[in-house]
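Trainee: I have a structure I would like to understand better, so I am pasting it below and will then ask my questions one at a time.
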Amino acid sequence: MYFVIGDYGAGMLIGALTALAVRAAVWPGMDMVIAMLLGMVIGMAIHTVLGLLLSPLLGMFETMLPASVIGMYGGMLFGMRDSMAAGSQTLTAALTVGALFGAIVVLGIKVYDHALRGAVVDAGD
Amino acid sequence: MDIETQRKWDAASRSLDFFAWGDDHRLGPHKRRLFSKIHGATLMVAAGTGNDFKFFPPSQHIVAIDISPEMLGRAAKKAAAYQGTIELRVMDVCELPFVDASFDTVVTVCTFCSVPRPVVGLRELYRVLKPDGQLLMFEHVRSKIGPFGIFLDLMTPLSRHLGPDLNRDTVGNVQKAGFRLRREENVYLDIVKIIEAGKG
């Protein structure tokens, strides 16, 4: 249970901080490609720092992989969204969207992990 | 001896145990399950700070090697606490001094993400393994899942400076070295894997 709560908590924290940082750096009307790349760089910086800080508590790969998807791809998504003025109107809404995105990614990866686990090759079969 | 690699891991030895708690709790049971297959004369490659010694079954005699003297210095206390014997030796996996067919079991844990010439190192393991011996590996590899694979490729130039590569094809390298794959198991996504192989 510790790791389940920790995984979702870490994902939501990284998602919320990424959404917040991208919102602060990207303004409506910014070139969408630049906004996307800027969002990606911001997201990667956040996920690298937070991932390294949290991985001793949650495991290196179980932290860094979801964090990378949330930071890198979430940063791109939030950047494009904010540049189109389609982003969250309030700070609370931005944090909520980021946290929700983080939780959905963690859930998706857990489902994927569950599906992939087990023997791929077994000569004893 | 690869001095550059030795220096890198000497430096990394200071922080390795800091990251261990989470991995020990999440991956430890899988390592214990894999190591329960250890039998006979056993070689552990890249023992590091000895963090995985606690997952070994008791009463074994294990030769544990690492390229880094600093790592083995930190591993000494954990080796002494093991209920069996663990002999620590500074050694490069690419230049093993053992005669052919010396070991019944060879164990690696997150090793071939770091060996600069992985196929050369694996060929050495093939050489020192007995004909009916077993190679037991707990390794992380490059994901074949698009977004994860791209992330691991992007992070590797950074991670390589501090420690391991994140995008190795270790399963392919095992086969390139001449081993026959007996079992491949996904432990976390398709990245953290148990790999079991033999000579025939």
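Residue numbering restarts at 1 for every chain of the structure tokens, chains are lettered A, B, ... in their displayed order, and ligands are numbered from 1 as they appear.
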Which residues, written as a ChimeraX atom specification, have at least one atom at most 8 Å from stretch 190-193 of chain B, with only C-alpha atoms counted and residues fewer than 6 positions away on the same chain left out?

Mentor: /A:113,116-117 /B:137-145,184

Trainee: Under the rule of at most 12 Å, produce a per-residue listing of chain A near chain B: chain, number, name, the closest pair of atoms, and the distance in Å, as a Markdown table, using only C-alpha atoms.

Mentor:
```
| residue | atom | partner | partner_atom | distance |
| --- | --- | --- | --- | --- |
| A:Met1 | CA | B:Arg26 | CA | 11.8 |
| A:Tyr2 | CA | B:Gly22 | CA | 10.7 |
| A:Phe3 | CA | B:Arg26 | CA | 8.4 |
| A:Val4 | CA | B:Arg26 | CA | 11.2 |
| A:Gly6 | CA | B:Gly22 | CA | 10.8 |
| A:Asp7 | CA | B:Gly22 | CA | 11.5 |
| A:Met40 | CA | B:Phe151 | CA | 11.7 |
| A:Val41 | CA | B:Leu154 | CA | 11.9 |
| A:Met44 | CA | B:Phe151 | CA | 9.7 |
| A:Ala45 | CA | B:Met155 | CA | 11.5 |
| A:His47 | CA | B:Phe151 | CA | 11.6 |
| A:Thr48 | CA | B:Met155 | CA | 9.4 |
| A:Gly51 | CA | B:Phe19 | CA | 11.3 |
| A:Leu52 | CA | B:Phe19 | CA | 8.7 |
| A:Leu53 | CA | B:Phe19 | CA | 9.3 |
| A:Leu54 | CA | B:Gly22 | CA | 9.2 |
| A:Ser55 | CA | B:Phe19 | CA | 6.7 |
| A:Pro56 | CA | B:Phe19 | CA | 4.2 |
| A:Leu57 | CA | B:Gly22 | CA | 4.8 |
| A:Leu58 | CA | B:Gly22 | CA | 4.6 |
| A:Gly59 | CA | B:Gly22 | CA | 4.1 |
| A:Met60 | CA | B:Asp23 | CA | 6.6 |
| A:Phe61 | CA | B:Tyr188 | CA | 8.0 |
| A:Glu62 | CA | B:Tyr188 | CA | 7.8 |
| A:Thr63 | CA | B:Gly22 | CA | 9.7 |
| A:Met64 | CA | B:Phe151 | CA | 9.8 |
| A:Leu65 | CA | B:Phe148 | CA | 7.0 |
| A:Pro66 | CA | B:Phe148 | CA | 9.1 |
| A:Ala67 | CA | B:Phe151 | CA | 10.4 |
| A:Ser68 | CA | B:Phe151 | CA | 6.9 |
| A:Val69 | CA | B:Pro147 | CA | 7.4 |
| A:Ile70 | CA | B:Pro147 | CA | 11.0 |
| A:Gly71 | CA | B:Phe151 | CA | 10.7 |
| A:Met72 | CA | B:Phe151 | CA | 8.4 |
| A:Tyr73 | CA | B:Pro147 | CA | 8.8 |
| A:Gly108 | CA | B:Leu189 | CA | 11.5 |
| A:Ile109 | CA | B:Leu189 | CA | 8.2 |
| A:Lys110 | CA | B:Leu189 | CA | 8.7 |
| A:Val111 | CA | B:Leu189 | CA | 9.7 |
| A:Tyr112 | CA | B:Leu189 | CA | 7.0 |
| A:Asp113 | CA | B:Leu189 | CA | 4.5 |
| A:His114 | CA | B:Leu189 | CA | 7.7 |
| A:Ala115 | CA | B:Leu189 | CA | 8.3 |
| A:Leu116 | CA | B:Leu189 | CA | 5.7 |
| A:Arg117 | CA | B:Asn186 | CA | 4.9 |
| A:Gly118 | CA | B:Glu185 | CA | 5.2 |
| A:Ala119 | CA | B:Glu185 | CA | 4.0 |
| A:Val120 | CA | B:Glu184 | CA | 5.4 |
| A:Val121 | CA | B:Glu184 | CA | 4.9 |
| A:Asp122 | CA | B:Arg183 | CA | 4.4 |
| A:Ala123 | CA | B:Arg182 | CA | 4.9 |
| A:Gly124 | CA | B:Arg182 | CA | 7.5 |
| A:Asp125 | CA | B:Arg183 | CA | 9.7 |
```

Trainee: Could you tell me, as a PyMOL selection string, which residues of chain A DSSP assigns to strand (DSSP E or B) when given the backbone?

Mentor: chain A and resi 118-122

Trainee: Please provide as a ChimeraX atom specification all residues within 10 Å of A:Leu77, with the sequence filter that same-chain residues fewer than 6 positions apart are discarded (counting only C-alpha atoms).

Mentor: /A:19,22,35-37,39-40,70-71,87

Trainee: I need the residues in stretch 34-154 of chain B that are helix (DSSP H, G or I) according to DSSP; give them as an MDAnalysis selection string.

Mentor: chainID B and resid 34:35 53:55 69:81 93:95 118:128 146:154

Trainee: Residues at most 10 Å from B:Pro164, counting only C-alpha atoms, excluding those fewer than 5 positions away in the same chain, as a list in words?

Mentor: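 In the requested format, the answer is Trp9, Cys110, Thr111, Phe112, Cys113, Ser114, Val115, Pro116, His140, Thr156, Pro157, Leu158 and Ser159 of chain B.
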
Trainee: Can you write out the residues you just picked, keeping N, CA and C atoms, as a PDB file, in the first residue's frame?

Mentor:
```
ATOM      1  N   TRP B   9      33.222   3.994 -11.164  1.00  0.00           N
ATOM      2  CA  TRP B   9      32.480   3.232 -10.149  1.00  0.00           C
ATOM      3  C   TRP B   9      33.034   3.446  -8.754  1.00  0.00           C
ATOM      4  N   CYS B 110      22.222  -5.970 -12.443  1.00  0.00           N
ATOM      5  CA  CYS B 110      22.439  -4.635 -13.039  1.00  0.00           C
ATOM      6  C   CYS B 110      23.924  -4.433 -13.353  1.00  0.00           C
ATOM      7  N   THR B 111      24.459  -5.367 -14.096  1.00  0.00           N
ATOM      8  CA  THR B 111      25.881  -5.386 -14.426  1.00  0.00           C
ATOM      9  C   THR B 111      26.134  -4.984 -15.877  1.00  0.00           C
ATOM     10  N   PHE B 112      25.401  -5.608 -16.785  1.00  0.00           N
ATOM     11  CA  PHE B 112      25.725  -5.406 -18.205  1.00  0.00           C
ATOM     12  C   PHE B 112      25.088  -4.148 -18.801  1.00  0.00           C
ATOM     13  N   CYS B 113      24.549  -3.310 -17.927  1.00  0.00           N
ATOM     14  CA  CYS B 113      24.198  -1.941 -18.316  1.00  0.00           C
ATOM     15  C   CYS B 113      25.438  -1.061 -18.200  1.00  0.00           C
ATOM     16  N   SER B 114      26.475  -1.589 -17.573  1.00  0.00           N
ATOM     17  CA  SER B 114      27.636  -0.768 -17.216  1.00  0.00           C
ATOM     18  C   SER B 114      28.944  -1.236 -17.837  1.00  0.00           C
ATOM     19  N   VAL B 115      29.019  -2.501 -18.182  1.00  0.00           N
ATOM     20  CA  VAL B 115      30.272  -3.011 -18.757  1.00  0.00           C
ATOM     21  C   VAL B 115      30.458  -2.378 -20.145  1.00  0.00           C
ATOM     22  N   PRO B 116      31.559  -1.669 -20.377  1.00  0.00           N
ATOM     23  CA  PRO B 116      31.711  -0.957 -21.656  1.00  0.00           C
ATOM     24  C   PRO B 116      31.699  -1.875 -22.878  1.00  0.00           C
ATOM     25  N   HIS B 140      18.480  -4.427 -16.174  1.00  0.00           N
ATOM     26  CA  HIS B 140      17.547  -3.522 -16.860  1.00  0.00           C
ATOM     27  C   HIS B 140      18.046  -3.298 -18.282  1.00  0.00           C
ATOM     28  N   THR B 156      20.320   8.311 -21.515  1.00  0.00           N
ATOM     29  CA  THR B 156      21.575   7.546 -21.459  1.00  0.00           C
ATOM     30  C   THR B 156      22.843   8.401 -21.514  1.00  0.00           C
ATOM     31  N   PRO B 157      22.931   9.442 -22.372  1.00  0.00           N
ATOM     32  CA  PRO B 157      24.158  10.255 -22.351  1.00  0.00           C
ATOM     33  C   PRO B 157      24.434  10.874 -20.980  1.00  0.00           C
ATOM     34  N   LEU B 158      23.376  11.190 -20.239  1.00  0.00           N
ATOM     35  CA  LEU B 158      23.548  11.745 -18.889  1.00  0.00           C
ATOM     36  C   LEU B 158      23.904  10.636 -17.890  1.00  0.00           C
ATOM     37  N   SER B 159      23.133   9.559 -17.926  1.00  0.00           N
ATOM     38  CA  SER B 159      23.334   8.490 -16.930  1.00  0.00           C
ATOM     39  C   SER B 159      24.703   7.826 -17.085  1.00  0.00           C
TER      40      SER B 159
END
```
